[in-house]
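Participant: Have a look at this one before I ask anything.
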Amino acid sequence: SWRRESAEKLLPVLPPEEAEFLREEFWYQEQQPEIPLQQGLIHADLFRDNVLFDGNRVSGVVDYYYACTENLLLDIAITANDWCTDERGRWLAPKVAALLDGYQQERTLSWPEMEAWPVVVRTAALRFWMSRLLDRYFPTRPNDAYRKDPGEYLELLRQRIADGEDSAGFLV
């Protein structure tokens with residue numbers, strides 16, 4: 001429901017080409033079959049700037065504002081989209097492999113999760129593109145200097161679309 005409400009709010013204010021892109025991606029994602037994926041508590045915003053380090057060791061995780069119960073794969077996709085890509089949004093294969101291998105040492109991904117990966121990484125990219133657009137066009141704090149560029153996630157979403165089914169290769 002958040003995606004639908006946000007899209008309805010954004011479409012009238014977006015430049016025409018971005019509005020059309022949002023419509024097409026929203027339609028694509030709405031057409032995907034519902035796949036029952038493992039649910040649980042997720043951080044939902046595990047970006048690099050939300051993880052604290054002491055040298056090479058993780059010393060803390062912050063910003064649980066978006067934590068929720070959702071499919072676990074979404075948390076991995078959000079993390080991979082930020083931690084495992086270059087500046088143009090292309091996958092850095094060794095980083096993706098390390099993330100997924102490390103995750104699967106704790107919990108093995110199911111076959112439906114592996115099949116859903118290409119769509120879920122797109123879903124994660126769409127979510128952050130839209131949330132950044134909302135921050136730009138409908139700021140809750142007008143003087144908020146810490147707004148992230150929605151263009152970064154527009155390009156990342158375009159890259160996830162270009163990747164298509166190829167991104168599933170990380171899971172086998």
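Identifiers for the structure tokens are assigned positionally: chains receive A, B, ... in sequence, residues are indexed from 1 per chain, and ligands are indexed from 1 in the order shown.
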Excluding same-chain residues fewer than 4 positions from A:Pro112, what lies within 9 Å of it counting only C-alpha atoms, as an MDAnalysis selection string?
Facilitator: chainID A and resid 35:37 116:117
Participant: Using only C-alpha atoms, which residues sit within 12 Å of stretch 7-15 of chain A once same-chain residues fewer than 5 positions away are excluded, as number ranges by chain?
Facilitator: A: 1-2, 20-27, 126-127, 129-138, 150
Participant: So that I can see what lies close to A:Asp86, please list as a ChimeraX atom specification the residues with an atom at most 12 Å from it, counting only C-alpha atoms and leaving out residues fewer than 5 positions away in the same chain.
Facilitator: /A:80-81,91-96,152,155-156,159
Participant: Convert the current residue selection to file output with N, CA and C atoms, as a CSV table (one decimal), in the first residue's frame.
Facilitator:
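This went into again_29.csv:
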chain,number,residue,atom,x,y,z
A,80,ALA,N,22.7,-5.4,-0.3
A,80,ALA,CA,23.5,-5.7,-1.5
A,80,ALA,C,23.5,-4.5,-2.5
A,81,ASN,N,22.3,-3.8,-2.7
A,81,ASN,CA,22.2,-2.7,-3.5
A,81,ASN,C,23.1,-1.5,-3.1
A,91,TRP,N,26.9,-4.5,-10.2
A,91,TRP,CA,27.3,-5.5,-9.2
A,91,TRP,C,28.8,-5.6,-9.1
A,92,LEU,N,29.3,-5.7,-7.9
A,92,LEU,CA,30.7,-6.1,-7.7
A,92,LEU,C,30.6,-7.5,-7.2
A,93,ALA,N,30.8,-8.4,-8.2
A,93,ALA,CA,30.6,-9.8,-7.9
A,93,ALA,C,31.2,-10.4,-6.7
A,94,PRO,N,32.5,-10.1,-6.4
A,94,PRO,CA,33.1,-10.7,-5.2
A,94,PRO,C,32.4,-10.2,-3.9
A,95,LYS,N,31.9,-9.0,-3.9
A,95,LYS,CA,31.2,-8.5,-2.7
A,95,LYS,C,29.8,-9.1,-2.6
A,96,VAL,N,29.1,-9.3,-3.7
A,96,VAL,CA,27.8,-9.9,-3.6
A,96,VAL,C,28.0,-11.4,-3.1
A,152,GLU,N,20.5,8.7,-7.7
A,152,GLU,CA,21.4,7.5,-7.5
A,152,GLU,C,20.6,6.2,-7.6
A,155,GLU,N,19.2,5.4,-11.1
A,155,GLU,CA,20.2,4.7,-12.0
A,155,GLU,C,20.4,3.3,-11.5
A,156,LEU,N,20.4,3.1,-10.2
A,156,LEU,CA,20.5,1.7,-9.7
A,156,LEU,C,19.4,0.9,-10.1
A,159,GLN,N,19.9,-0.1,-13.6
A,159,GLN,CA,20.9,-1.2,-13.7
A,159,GLN,C,20.3,-2.5,-13.3
Participant: Could you make a table, as JSON lines, of the residues of stretch 17-48 of chain A that have an atom within 9 Å of an atom of stretch 68-73 of chain A, each with its nearest atom pair and distance in Å to one decimal, counting only C-alpha atoms, in chain and number order?
Facilitator:
{"residue": "A:Pro36", "atom": "CA", "partner": "A:Asn71", "partner_atom": "CA", "distance": 8.7}
{"residue": "A:Leu37", "atom": "CA", "partner": "A:Asn71", "partner_atom": "CA", "distance": 5.8}
{"residue": "A:Gln38", "atom": "CA", "partner": "A:Asn71", "partner_atom": "CA", "distance": 5.5}
{"residue": "A:Gln39", "atom": "CA", "partner": "A:Asn71", "partner_atom": "CA", "distance": 4.2}
{"residue": "A:Gly40", "atom": "CA", "partner": "A:Thr69", "partner_atom": "CA", "distance": 5.1}
{"residue": "A:Leu41", "atom": "CA", "partner": "A:Thr69", "partner_atom": "CA", "distance": 4.4}
{"residue": "A:Ile42", "atom": "CA", "partner": "A:Cys68", "partner_atom": "CA", "distance": 5.6}
{"residue": "A:His43", "atom": "CA", "partner": "A:Cys68", "partner_atom": "CA", "distance": 6.8}
{"residue": "A:Ala44", "atom": "CA", "partner": "A:Cys68", "partner_atom": "CA", "distance": 7.1}
Participant: Quick one: residues within 10 Å of A:Val51, only C-alpha atoms, excluding same-chain residues fewer than 4 positions away - as a ChimeraX atom specification?
Facilitator: /A:46-47,58-63
